[in-house]
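Peer 1: Following this line is input18.cif, made up of mmCIF, C-alpha atoms (C1' of nucleotides):
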data_query
#
loop_
_atom_site.label_atom_id
_atom_site.label_comp_id
_atom_site.auth_asym_id
_atom_site.auth_seq_id
_atom_site.Cartn_x
_atom_site.Cartn_y
_atom_site.Cartn_z
CA MET F 1233 -67.83 18.78 26.19
CA GLN F 1234 -69.43 17.27 23.09
CA ASP F 1235 -67.98 17.78 19.69
CA THR F 1236 -71.12 19.38 18.26
CA LYS F 1237 -71.31 21.83 21.09
CA ASN F 1238 -67.74 22.91 20.45
CA THR F 1239 -68.33 23.19 16.74
CA ILE F 1240 -71.31 25.41 17.39
CA LEU F 1241 -69.18 27.64 19.58
CA ASP F 1242 -66.43 27.74 16.95
CA VAL F 1243 -68.80 28.78 14.19
CA ALA F 1244 -70.71 31.21 16.39
CA GLU F 1245 -67.52 32.89 17.55
CA ASP F 1246 -66.32 33.27 14.00
CA PHE F 1247 -69.61 34.76 12.80
CA ILE F 1248 -70.08 37.08 15.75
CA ARG F 1249 -66.53 38.39 15.69
CA ARG F 1250 -66.91 39.13 11.99
CA ASN F 1251 -70.42 40.56 11.91
CA GLY F 1252 -71.51 41.51 15.39
CA LEU F 1253 -73.98 39.76 17.68
CA ASN F 1254 -77.19 41.11 16.18
CA ALA F 1255 -76.17 40.22 12.64
CA VAL F 1256 -75.84 36.52 13.51
CA SER F 1257 -78.75 34.10 13.88
CA TYR F 1258 -79.11 30.46 14.85
CA LYS F 1259 -79.90 29.77 11.19
CA HIS F 1260 -76.56 31.16 10.03
CA ILE F 1261 -74.74 29.04 12.55
CA SER F 1262 -76.69 25.83 11.99
CA ASP F 1263 -76.25 26.06 8.22
CA VAL F 1264 -72.48 26.03 8.60
CA VAL F 1265 -72.42 23.43 11.36
CA GLY F 1266 -74.62 21.22 9.22
CA ILE F 1267 -77.52 20.75 11.61
CA LYS F 1268 -80.92 22.40 12.04
CA LYS F 1269 -81.37 25.48 14.13
CA ALA F 1270 -83.61 23.63 16.57
CA SER F 1271 -80.57 21.52 17.43
CA ILE F 1272 -78.65 24.61 18.43
CA HIS F 1273 -81.46 25.39 20.84
CA TYR F 1274 -80.94 21.97 22.40
CA HIS F 1275 -77.35 22.91 23.28
CA PHE F 1276 -78.02 26.59 23.97
CA PRO F 1277 -81.71 27.15 24.74
CA GLN F 1278 -81.46 30.91 24.50
CA LYS F 1279 -79.06 33.15 22.68
CA LYS F 1280 -77.74 34.50 25.95
CA ASP F 1281 -76.69 30.95 26.88
CA LEU F 1282 -74.62 30.81 23.71
CA VAL F 1283 -73.15 34.25 24.36
CA ASN F 1284 -72.24 33.37 27.94
CA ALA F 1285 -70.61 30.12 26.87
CA LEU F 1286 -68.64 32.01 24.25
CA LEU F 1287 -67.51 34.63 26.72
CA LEU F 1288 -66.40 32.06 29.27
CA ARG F 1289 -64.59 30.03 26.63
CA CYS F 1290 -62.90 33.15 25.31
CA GLU F 1291 -61.91 34.17 28.81
CA GLN F 1292 -60.28 30.77 29.16
CA THR F 1293 -58.55 30.76 25.79
CA TYR F 1294 -57.30 34.32 25.66
CA GLY F 1295 -57.01 34.66 29.42
CA CYS F 1296 -54.59 31.73 29.31
CA GLU F 1297 -52.78 33.13 26.30
CA TYR F 1298 -52.31 36.50 27.98
CA GLN F 1299 -51.30 34.85 31.23
CA SER F 1300 -48.81 32.77 29.32
CA ILE F 1301 -47.35 35.89 27.73
CA ALA F 1302 -47.43 37.78 31.02
CA SER F 1303 -45.65 35.03 32.94
CA SER F 1304 -42.99 34.46 30.30
CA ALA F 1305 -39.42 35.64 30.65
CA LEU F 1306 -39.81 38.40 28.09
CA SER F 1307 -39.28 42.08 28.73
CA ALA F 1308 -42.40 44.19 29.19
CA PRO F 1309 -42.23 45.83 25.74
CA GLU F 1310 -41.79 42.41 24.14
CA LYS F 1311 -44.86 41.19 25.97
CA LEU F 1312 -46.88 44.14 24.73
CA ARG F 1313 -45.78 43.37 21.19
CA LYS F 1314 -46.91 39.78 21.59
CA ILE F 1315 -50.30 40.96 22.77
CA ALA F 1316 -50.57 43.40 19.89
CA ASP F 1317 -49.74 40.51 17.59
CA VAL F 1318 -52.71 38.53 18.87
CA PHE F 1319 -54.94 41.43 17.90
CA LYS F 1320 -53.20 41.74 14.56
CA GLN F 1321 -53.94 38.10 13.79
CA GLY F 1322 -57.61 38.78 14.46
CA THR F 1323 -57.55 41.71 12.09
CA VAL F 1324 -55.82 39.67 9.39
CA ALA F 1325 -58.74 37.23 9.67
CA GLY F 1326 -61.28 40.07 9.50
CA LYS F 1327 -62.29 39.59 13.11
CA VAL F 1328 -62.63 41.80 16.16
CA CYS F 1329 -61.93 40.43 19.63
CA LEU F 1330 -65.05 39.03 21.29
CA MET F 1331 -64.94 41.59 24.08
CA GLY F 1332 -64.83 44.37 21.50
CA VAL F 1333 -67.80 43.19 19.45
CA LEU F 1334 -69.95 42.33 22.41
CA SER F 1335 -69.14 45.63 24.07
CA SER F 1336 -70.30 47.36 20.92
CA ASP F 1337 -73.60 45.49 21.21
CA LEU F 1338 -73.70 46.01 24.96
CA THR F 1339 -77.33 47.09 25.21
CA SER F 1340 -78.44 43.93 23.40
CA LEU F 1341 -76.82 41.71 26.00
CA ASP F 1342 -78.50 39.92 28.84
CA GLU F 1343 -77.54 41.18 32.28
CA SER F 1344 -75.70 37.91 32.95
CA SER F 1345 -73.59 38.38 29.82
CA ARG F 1346 -72.79 41.92 30.82
CA LEU F 1347 -71.47 40.74 34.16
CA ILE F 1348 -69.17 38.18 32.56
CA LEU F 1349 -67.99 40.78 30.07
CA GLU F 1350 -67.25 43.22 32.86
CA LYS F 1351 -65.29 40.62 34.82
CA THR F 1352 -63.32 39.58 31.75
CA ALA F 1353 -62.49 43.16 30.81
CA GLU F 1354 -61.38 43.79 34.37
CA GLY F 1355 -59.14 40.74 34.34
CA THR F 1356 -57.64 41.66 30.98
CA VAL F 1357 -56.77 45.19 32.08
CA ALA F 1358 -55.26 43.79 35.27
CA THR F 1359 -53.08 41.40 33.29
CA TYR F 1360 -51.91 44.23 31.04
CA ALA F 1361 -51.33 46.48 34.04
CA ALA F 1362 -48.96 43.92 35.52
CA ILE F 1363 -46.88 44.16 32.36
CA PHE F 1364 -46.71 47.93 32.61
CA GLU F 1365 -45.69 47.56 36.24
CA GLN F 1366 -42.94 45.19 35.18
CA GLY F 1367 -41.78 47.64 32.53
CA ARG F 1368 -41.38 50.39 35.07
CA ALA F 1369 -39.72 48.08 37.58
CA GLU F 1370 -37.21 46.64 35.15
CA GLY F 1371 -36.52 50.09 33.71
CA SER F 1372 -37.49 49.19 30.17
CA MET F 1373 -40.53 51.46 29.97
CA GLN F 1374 -41.71 54.88 31.00
CA PHE F 1375 -45.24 56.22 30.88
CA HIS F 1376 -47.44 58.74 32.58
CA GLY F 1377 -50.06 57.87 35.18
CA SER F 1378 -50.83 54.55 36.80
CA ASP F 1379 -50.17 51.06 35.45
CA HIS F 1380 -53.91 50.66 35.28
CA ASN F 1381 -54.53 53.76 33.18
CA ALA F 1382 -51.71 52.89 30.82
CA ALA F 1383 -53.10 49.36 30.48
CA TYR F 1384 -56.60 50.67 29.94
CA SER F 1385 -55.48 53.01 27.19
CA PHE F 1386 -53.36 50.32 25.54
CA PHE F 1387 -56.24 47.85 25.58
CA SER F 1388 -58.61 50.52 24.25
CA MET F 1389 -56.20 51.36 21.48
CA LEU F 1390 -56.00 47.75 20.35
CA ILE F 1391 -59.77 47.28 20.36
CA GLY F 1392 -60.34 50.56 18.56
CA ALA F 1393 -57.62 49.80 16.05
CA GLN F 1394 -59.13 46.38 15.35
CA ILE F 1395 -62.44 48.03 14.60
CA MET F 1396 -61.00 50.88 12.54
CA ALA F 1397 -58.51 48.70 10.68
CA ARG F 1398 -61.35 46.98 8.83
CA VAL F 1399 -62.59 50.37 7.64
CA LYS F 1400 -59.24 51.81 6.70
CA GLY F 1401 -55.67 50.66 6.91
CA GLY F 1402 -55.99 46.97 7.63
CA ALA F 1403 -53.63 44.93 9.78
CA GLU F 1404 -50.65 47.06 8.74
CA ALA F 1405 -52.28 50.15 10.23
CA LEU F 1406 -52.98 48.33 13.48
CA GLN F 1407 -49.40 47.13 13.57
CA ALA F 1408 -48.02 50.59 12.84
CA ALA F 1409 -50.25 52.20 15.46
CA SER F 1410 -49.36 49.74 18.20
CA ASP F 1411 -45.67 49.90 17.32
CA ALA F 1412 -45.77 53.68 17.58
CA VAL F 1413 -47.40 53.42 21.01
CA ILE F 1414 -45.04 50.77 22.33
CA ASP F 1415 -42.00 52.60 20.96
CA GLY F 1416 -43.19 55.63 22.88
CA TYR F 1417 -42.92 53.65 26.10
CA LEU F 1418 -39.32 52.60 25.52
CA ILE F 1419 -36.62 54.17 27.57
CA ASN F 1420 -33.67 53.28 25.40
CA MET V 1372 -84.22 70.30 5.08
CA GLN V 1373 -87.59 69.56 6.61
CA ASP V 1374 -88.11 69.44 10.32
CA THR V 1375 -89.39 65.87 10.37
CA LYS V 1376 -86.45 64.63 8.38
CA ASN V 1377 -84.07 66.21 10.87
CA THR V 1378 -85.99 64.81 13.81
CA ILE V 1379 -85.77 61.35 12.29
CA LEU V 1380 -82.02 61.76 11.93
CA ASP V 1381 -81.70 63.00 15.50
CA VAL V 1382 -83.62 60.06 16.93
CA ALA V 1383 -81.92 57.54 14.66
CA GLU V 1384 -78.47 58.82 15.57
CA ASP V 1385 -79.26 58.62 19.25
CA PHE V 1386 -80.61 55.07 19.00
CA ILE V 1387 -77.85 53.78 16.76
CA ARG V 1388 -75.04 55.30 18.81
CA ARG V 1389 -76.53 53.72 21.92
CA ASN V 1390 -77.48 50.31 20.61
CA GLY V 1391 -75.74 49.64 17.32
CA LEU V 1392 -77.20 49.65 13.82
CA ASN V 1393 -78.73 46.18 13.84
CA ALA V 1394 -80.48 46.74 17.14
CA VAL V 1395 -82.43 49.71 15.79
CA SER V 1396 -85.49 49.46 13.56
CA TYR V 1397 -87.74 51.93 11.77
CA LYS V 1398 -90.39 51.08 14.35
CA HIS V 1399 -88.17 52.16 17.24
CA ILE V 1400 -87.44 55.43 15.52
CA SER V 1401 -90.98 56.19 14.38
CA ASP V 1402 -92.40 55.53 17.85
CA VAL V 1403 -90.17 58.22 19.34
CA VAL V 1404 -90.62 60.65 16.46
CA GLY V 1405 -94.37 60.20 16.76
CA ILE V 1406 -95.12 59.03 13.22
CA LYS V 1407 -95.60 55.63 11.58
CA LYS V 1408 -92.72 53.65 10.20
CA ALA V 1409 -94.05 53.95 6.65
CA SER V 1410 -93.45 57.69 6.97
CA ILE V 1411 -89.79 57.05 7.70
CA HIS V 1412 -89.62 55.11 4.46
CA TYR V 1413 -90.94 58.18 2.67
CA HIS V 1414 -87.93 60.19 3.83
CA PHE V 1415 -85.43 57.35 3.71
CA PRO V 1416 -86.69 54.57 1.40
CA GLN V 1417 -84.07 52.10 2.52
CA LYS V 1418 -82.10 51.80 5.70
CA LYS V 1419 -78.88 52.48 3.85
CA ASP V 1420 -80.30 55.86 2.82
CA LEU V 1421 -80.80 56.71 6.47
CA VAL V 1422 -77.33 55.48 7.36
CA ASN V 1423 -75.71 57.49 4.58
CA ALA V 1424 -77.58 60.64 5.57
CA LEU V 1425 -76.46 60.10 9.16
CA LEU V 1426 -72.86 59.60 8.15
CA LEU V 1427 -72.81 62.70 5.98
CA ARG V 1428 -74.49 64.79 8.66
CA CYS V 1429 -72.05 63.51 11.27
CA GLU V 1430 -69.13 64.24 8.99
CA GLN V 1431 -70.43 67.81 8.75
CA THR V 1432 -71.11 68.27 12.45
CA TYR V 1433 -68.04 66.63 13.91
CA GLY V 1434 -65.85 67.41 10.95
CA CYS V 1435 -66.60 71.08 11.57
CA GLU V 1436 -66.08 70.69 15.29
CA TYR V 1437 -62.71 69.04 14.80
CA GLN V 1438 -61.73 71.58 12.18
CA SER V 1439 -62.71 74.33 14.56
CA ILE V 1440 -60.54 72.82 17.28
CA ALA V 1441 -57.71 72.16 14.84
CA SER V 1442 -57.70 75.72 13.48
CA SER V 1443 -57.91 77.37 16.89
CA ALA V 1444 -55.00 79.11 18.56
CA LEU V 1445 -54.55 76.36 21.14
CA SER V 1446 -51.42 74.31 21.64
CA ALA V 1447 -51.45 70.80 20.19
CA PRO V 1448 -51.90 69.03 23.56
CA GLU V 1449 -54.76 71.35 24.40
CA LYS V 1450 -56.39 70.48 21.10
CA LEU V 1451 -56.07 66.78 21.82
CA ARG V 1452 -57.70 67.30 25.20
CA LYS V 1453 -60.59 69.12 23.53
CA ILE V 1454 -61.05 66.22 21.16
CA ALA V 1455 -60.91 63.73 24.00
CA ASP V 1456 -63.55 65.81 25.74
CA VAL V 1457 -65.91 65.41 22.79
CA PHE V 1458 -65.60 61.65 23.16
CA LYS V 1459 -66.04 61.91 26.90
CA GLN V 1460 -69.31 63.77 26.42
CA GLY V 1461 -70.52 60.92 24.24
CA THR V 1462 -69.61 58.41 26.91
CA VAL V 1463 -71.37 60.44 29.60
CA ALA V 1464 -74.49 60.19 27.44
CA GLY V 1465 -74.01 56.43 26.96
CA LYS V 1466 -73.16 56.85 23.31
CA VAL V 1467 -70.35 55.73 21.02
CA CYS V 1468 -69.26 57.90 18.11
CA LEU V 1469 -71.10 57.07 14.90
CA MET V 1470 -67.94 55.98 13.13
CA GLY V 1471 -67.21 53.58 15.96
CA VAL V 1472 -70.62 51.90 16.03
CA LEU V 1473 -70.95 51.66 12.28
CA SER V 1474 -67.44 50.28 11.97
CA SER V 1475 -68.41 47.60 14.46
CA ASP V 1476 -71.34 46.70 12.23
CA LEU V 1477 -69.23 47.07 9.10
CA THR V 1478 -70.34 43.88 7.37
CA SER V 1479 -73.99 44.92 7.69
CA LEU V 1480 -73.38 48.14 5.79
CA ASP V 1481 -74.15 48.82 2.19
CA GLU V 1482 -71.12 49.36 0.00
CA SER V 1483 -72.06 53.05 -0.38
CA SER V 1484 -72.08 53.49 3.39
CA ARG V 1485 -68.72 51.80 3.69
CA LEU V 1486 -67.23 54.25 1.23
CA ILE V 1487 -68.50 57.27 3.16
CA LEU V 1488 -67.28 55.73 6.39
CA GLU V 1489 -63.85 55.15 4.91
CA LYS V 1490 -63.63 58.73 3.63
CA THR V 1491 -64.76 60.13 6.96
CA ALA V 1492 -62.30 58.04 8.93
CA GLU V 1493 -59.54 59.11 6.57
CA GLY V 1494 -60.44 62.77 7.04
CA THR V 1495 -60.61 62.44 10.80
CA VAL V 1496 -57.19 60.83 11.05
CA ALA V 1497 -55.78 63.52 8.76
CA THR V 1498 -57.19 66.25 11.00
CA TYR V 1499 -55.69 64.61 14.06
CA ALA V 1500 -52.40 64.08 12.27
CA ALA V 1501 -52.14 67.82 11.60
CA ILE V 1502 -52.38 68.41 15.35
CA PHE V 1503 -49.56 65.96 16.00
CA GLU V 1504 -47.53 67.68 13.34
CA GLN V 1505 -48.17 71.01 15.06
CA GLY V 1506 -47.13 69.53 18.40
CA ARG V 1507 -43.80 68.45 17.02
CA ALA V 1508 -43.29 71.74 15.19
CA GLU V 1509 -44.09 73.94 18.16
CA GLY V 1510 -42.02 71.72 20.45
CA SER V 1511 -44.87 70.91 22.81
CA MET V 1512 -45.06 67.21 21.99
CA GLN V 1513 -42.85 64.24 21.28
CA PHE V 1514 -43.90 60.85 19.98
CA HIS V 1515 -42.55 57.93 18.00
CA GLY V 1516 -43.32 57.32 14.36
CA SER V 1517 -45.24 59.43 11.89
CA ASP V 1518 -47.92 62.00 12.60
CA HIS V 1519 -50.32 59.68 10.87
CA ASN V 1520 -49.54 56.66 13.01
CA ALA V 1521 -49.74 58.71 16.19
CA ALA V 1522 -53.08 60.11 15.05
CA TYR V 1523 -54.35 56.68 14.11
CA SER V 1524 -53.44 55.23 17.49
CA PHE V 1525 -54.93 58.21 19.33
CA PHE V 1526 -58.18 57.94 17.38
CA SER V 1527 -58.28 54.18 17.94
CA MET V 1528 -57.72 54.66 21.64
CA LEU V 1529 -60.64 57.06 21.92
CA ILE V 1530 -63.01 54.80 20.02
CA GLY V 1531 -61.93 51.73 21.96
CA ALA V 1532 -62.19 53.60 25.24
CA GLN V 1533 -65.68 54.78 24.39
CA ILE V 1534 -66.71 51.20 23.79
CA MET V 1535 -64.96 49.78 26.83
CA ALA V 1536 -66.01 52.59 29.13
CA ARG V 1537 -69.62 51.43 28.96
CA VAL V 1538 -68.54 47.98 30.10
CA LYS V 1539 -66.18 49.08 32.84
CA GLY V 1540 -64.93 52.38 34.13
CA GLY V 1541 -67.28 54.89 32.57
CA ALA V 1542 -66.37 58.38 31.43
CA GLU V 1543 -63.79 58.74 34.22
CA ALA V 1544 -61.85 55.79 32.83
CA LEU V 1545 -61.90 57.27 29.33
CA GLN V 1546 -60.75 60.59 30.73
CA ALA V 1547 -57.97 58.97 32.75
CA ALA V 1548 -56.82 56.88 29.80
CA SER V 1549 -56.71 59.79 27.37
CA ASP V 1550 -55.02 62.03 29.93
CA ALA V 1551 -52.35 59.39 30.46
CA VAL V 1552 -51.75 59.18 26.72
CA ILE V 1553 -51.66 62.92 26.16
CA ASP V 1554 -49.41 63.46 29.19
CA GLY V 1555 -47.05 60.95 27.63
CA TYR V 1556 -46.71 63.21 24.60
CA LEU V 1557 -45.77 66.29 26.60
CA ILE V 1558 -42.23 67.52 26.53
CA ASN V 1559 -42.34 69.75 29.59
"C1'" DG I 324 -79.29 14.47 20.03
"C1'" DT I 325 -81.45 15.75 15.88
"C1'" DC I 326 -85.36 16.21 13.25
"C1'" DT I 327 -90.04 18.46 11.38
"C1'" DA I 328 -93.37 21.53 12.34
"C1'" DT I 329 -95.13 25.45 14.31
"C1'" DA I 330 -95.98 29.59 17.23
"C1'" DT I 331 -95.09 34.33 17.67
"C1'" DA I 332 -92.96 38.40 16.91
"C1'" DG I 333 -90.49 41.69 14.42
"C1'" DA I 334 -87.83 43.18 10.54
"C1'" DG I 335 -87.57 45.98 5.92
"C1'" DA I 336 -90.29 47.45 2.40
"C1'" DT I 337 -94.37 48.74 -0.82
"C1'" DA I 338 -99.24 50.14 -2.41
"C1'" DG I 339 -102.61 53.11 -2.33
"C1'" DA I 340 -106.05 56.09 0.33
"C1'" DC I 341 -106.31 60.59 2.45
"C1'" DG R 722 -96.30 63.95 3.91
"C1'" DT R 723 -98.62 60.70 6.66
"C1'" DC R 724 -101.67 57.14 7.15
"C1'" DT R 725 -103.57 51.98 7.03
"C1'" DA R 726 -102.89 47.73 5.29
"C1'" DT R 727 -100.25 44.24 3.61
"C1'" DC R 728 -96.36 41.46 1.72
"C1'" DT R 729 -92.37 38.78 2.51
"C1'" DC R 730 -88.77 37.31 5.06
"C1'" DT R 731 -86.37 36.13 9.11
"C1'" DA R 732 -85.76 36.06 13.94
"C1'" DT R 733 -86.07 33.48 18.64
"C1'" DA R 734 -88.11 29.82 20.71
"C1'" DT R 735 -90.95 25.53 21.72
"C1'" DA R 736 -93.41 20.87 21.09
"C1'" DG R 737 -93.18 16.50 20.04
"C1'" DA R 738 -91.75 12.59 16.77
"C1'" DC R 739 -87.77 9.63 15.82
#
Once you've parsed the file, please lay out its structure as structure tokens.
Peer 2:
Amino acid sequence: MQDTKNTILDVAEDFIRRNGLNAVSYKHISDVVGIKKASIHYHFPQKKDLVNALLLRCEQTYGCEYQSIASSALSAPEKLRKIADVFKQGTVAGKVCLMGVLSSDLTSLDESSRLILEKTAEGTVATYAAIFEQGRAEGSMQFHGSDHNAAYSFFSMLIGAQIMARVKGGAEALQAASDAVIDGYLIN
Amino acid sequence: MQDTKNTILDVAEDFIRRNGLNAVSYKHISDVVGIKKASIHYHFPQKKDLVNALLLRCEQTYGCEYQSIASSALSAPEKLRKIADVFKQGTVAGKVCLMGVLSSDLTSLDESSRLILEKTAEGTVATYAAIFEQGRAEGSMQFHGSDHNAAYSFFSMLIGAQIMARVKGGAEALQAASDAVIDGYLIN
DNA sequence: GTCTATATAGAGATAGAC
DNA sequence: GTCTATCTCTATATAGAC
């Protein structure tokens, strides 16, 4: 992929994760990239094309990162802490995860974007669920209900905490909240 | 307060909780209310005035509802389930709680709105924390860390679940996730 | 691939008549 | 308190020159 195209995606992701989809325009992006907004339209004719590219790239990037964590030799609680740390880094930078922001602006999304978002969310919960399954199997964690429900609530907590942390508490609050949750899973 | 002013707030709250602040305009609201957008400006000169009125009204409404739950004779887990049910009702209606949507659009808010939002979030967490404290005191609940951190993570989970539920899982997923979390607190 | 220029639509907001 | 009319700005998007 071209360098400009990647730069556009970088800048767009940063803006959108900070401000939300509807607060970001092609003008904002092009000003930072250093080109004219018409040039953005050359790479991404419509805004939904940009959003879809962002979602797919994010699925790649974070999907890989989560997979890498999930397939490591760590214990399940350690894996959860690594995931929480990814969210914490976002919060430190004043950003919300792309899935979180775009889900908040769900009704503004094109149907195609919604489908990608749904698939990505599904995959993320599945990856988390595998970690909860591991925790139960290796005897390091206990929790009520299914792996899936535990994963869903953990994921929800991180997204909600990322959103609320900017209002009150900051990254420390997110860290404290996720630590409290993970500690609650521990058996020893 | 006048009837029109309240109707404007009702419609605005509905729109904003469904679509996010930046996706809602005075035109959208006035069309549903049945007046012209200039008339909205009479009641709320600037958008921030509308947002602040919404936040204060919501703090009243839900603040009272939470206080009512908190000061009831129920056990702590039962109180948490009642709170989760309030969020579930929002999800059933396709809405996110006002604090959640506005926090997502945080950087678009006026400084005055941010302050109200911060105060409201603080109060909400404090109300929840008192329930966790009760749970520990009455011996119905166990959890790691402080009341505050447990409350913060519970609140975050509900907001995140409300956002994610629209993408995947719906109200049943929110219900299942919050049940799993609350069940994890139970001692018996 | 990037530019200038433009079309079109919608936003927030104000002035002044009724 | 609501209206019409208007201002100004910005949004998405396209056409066509370079």
Peer 1: Find the residues around segment 326-338 of chain I up to 9 Å (all atoms listed in the file counted), leave out those fewer than 2 positions away in its own chain, and share them as a short mmCIF file (atom, residue, chain, number, x, y, z; two decimals) with C-alpha atoms (C1' of nucleotides), in the coordinates of the input.
Peer 2:
data_model
loop_
_atom_site.label_atom_id
_atom_site.label_comp_id
_atom_site.auth_asym_id
_atom_site.auth_seq_id
_atom_site.Cartn_x
_atom_site.Cartn_y
_atom_site.Cartn_z
CA LYS F 1268 -80.92 22.40 12.04
CA ALA F 1270 -83.61 23.63 16.57
CA SER F 1271 -80.57 21.52 17.43
CA SER V 1396 -85.49 49.46 13.56
CA TYR V 1397 -87.74 51.93 11.77
CA ALA V 1409 -94.05 53.95 6.65
CA HIS V 1412 -89.62 55.11 4.46
CA PRO V 1416 -86.69 54.57 1.40
CA GLN V 1417 -84.07 52.10 2.52
CA LYS V 1418 -82.10 51.80 5.70
"C1'" DA R 726 -102.89 47.73 5.29
"C1'" DT R 727 -100.25 44.24 3.61
"C1'" DC R 728 -96.36 41.46 1.72
"C1'" DT R 729 -92.37 38.78 2.51
"C1'" DC R 730 -88.77 37.31 5.06
"C1'" DT R 731 -86.37 36.13 9.11
"C1'" DA R 732 -85.76 36.06 13.94
"C1'" DT R 733 -86.07 33.48 18.64
"C1'" DA R 734 -88.11 29.82 20.71
"C1'" DT R 735 -90.95 25.53 21.72
"C1'" DA R 736 -93.41 20.87 21.09
"C1'" DA R 738 -91.75 12.59 16.77
"C1'" DC R 739 -87.77 9.63 15.82
#
Peer 1: Would you kindly report the residues of chain R within 10 Å of chain V, using all atoms listed in the file, as a CSV table (one decimal) with C-alpha atoms (C1' of nucleotides), in the frame of the given file?
Peer 2:
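Generated file (result.csv):
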chain,number,residue,atom,x,y,z
R,722,DG,C1',-96.3,64.0,3.9
R,723,DT,C1',-98.6,60.7,6.7
R,724,DC,C1',-101.7,57.1,7.2
R,725,DT,C1',-103.6,52.0,7.0
Peer 1: Which value, in Å to one decimal, gives the distance between atom CA of Phe1458 of chain V and atom CA of Lys1320 of chain F?
Peer 2: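 Atom CA of Lys1320 of chain F lies at a distance of 25.0 Å from atom CA of Phe1458 of chain V.
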Peer 1: Calculate how many Å separate atom CA of Ala1393 of chain F from atom CA of Ser1524 of chain V, rounding to one decimal.
Peer 2: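 Calculated distance between atom CA of Ala1393 of chain F and atom CA of Ser1524 of chain V is 7.0 Å.
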Peer 1: Do you know which residues the PyMOL selection byres ((chain F) within 7 of (chain V)) returns on this file, as number ranges by chain?
Peer 2: F: 1251-1252, 1254-1255, 1333, 1335-1337, 1339, 1350, 1375-1377, 1381-1382, 1384-1385, 1388-1389, 1391-1393, 1395-1396, 1399-1400, 1408-1410, 1412, 1415-1416
Peer 1: What separation in Å, quoted to one decimal, exists between atom CA of Ala1285 of chain F and atom CA of Val1256 of chain F?
Peer 2: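 Computed distance, atom CA of Ala1285 of chain F to atom CA of Val1256 of chain F, equals 15.7 Å.
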Peer 1: Go ahead and fit an axis-aligned box to every listed atom of segment 1366-1375 of chain F plus 6 Å each side, and pass me the centre and edge lengths in Å, one decimal, as JSON.
Peer 2:
{"center_x": -40.9, "center_y": 50.7, "center_z": 33.8, "size_x": 20.7, "size_y": 23.0, "size_z": 19.6}
Peer 1: Since I can't run it myself right now, could you work out what the PyMOL selection byres ((chain F and resi 1301) around 12) selects here and report it as a PyMOL selection string?
Peer 2: chain F and resi 1294-1300+1302-1318+1359-1360+1362-1363
Peer 1: For those residues, write C-alpha atoms to a file as a compact mmCIF listing (two decimals), in the coordinates of the input.
Peer 2:
# COMPACT_ATOMS: atom_id res chain seq x y z
CA TYR F 1294 -57.30 34.32 25.66
CA GLY F 1295 -57.01 34.66 29.42
CA CYS F 1296 -54.59 31.73 29.31
CA GLU F 1297 -52.78 33.13 26.30
CA TYR F 1298 -52.31 36.50 27.98
CA GLN F 1299 -51.30 34.85 31.23
CA SER F 1300 -48.81 32.77 29.32
CA ALA F 1302 -47.43 37.78 31.02
CA SER F 1303 -45.65 35.03 32.94
CA SER F 1304 -42.99 34.46 30.30
CA ALA F 1305 -39.42 35.64 30.65
CA LEU F 1306 -39.81 38.40 28.09
CA SER F 1307 -39.28 42.08 28.73
CA ALA F 1308 -42.40 44.19 29.19
CA PRO F 1309 -42.23 45.83 25.74
CA GLU F 1310 -41.79 42.41 24.14
CA LYS F 1311 -44.86 41.19 25.97
CA LEU F 1312 -46.88 44.14 24.73
CA ARG F 1313 -45.78 43.37 21.19
CA LYS F 1314 -46.91 39.78 21.59
CA ILE F 1315 -50.30 40.96 22.77
CA ALA F 1316 -50.57 43.40 19.89
CA ASP F 1317 -49.74 40.51 17.59
CA VAL F 1318 -52.71 38.53 18.87
CA THR F 1359 -53.08 41.40 33.29
CA TYR F 1360 -51.91 44.23 31.04
CA ALA F 1362 -48.96 43.92 35.52
CA ILE F 1363 -46.88 44.16 32.36
Peer 1: Would you please work out which residue, of F:Asp1235, F:Asp1246, F:Glu1370, F:Asp1263, is nearest to Gly1326 of chain F when using all atoms listed in the file?
Peer 2: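 Ranking F:Asp1235, F:Asp1246, F:Glu1370, F:Asp1263 by distance to Gly1326 of chain F, first place goes to F:Asp1246.
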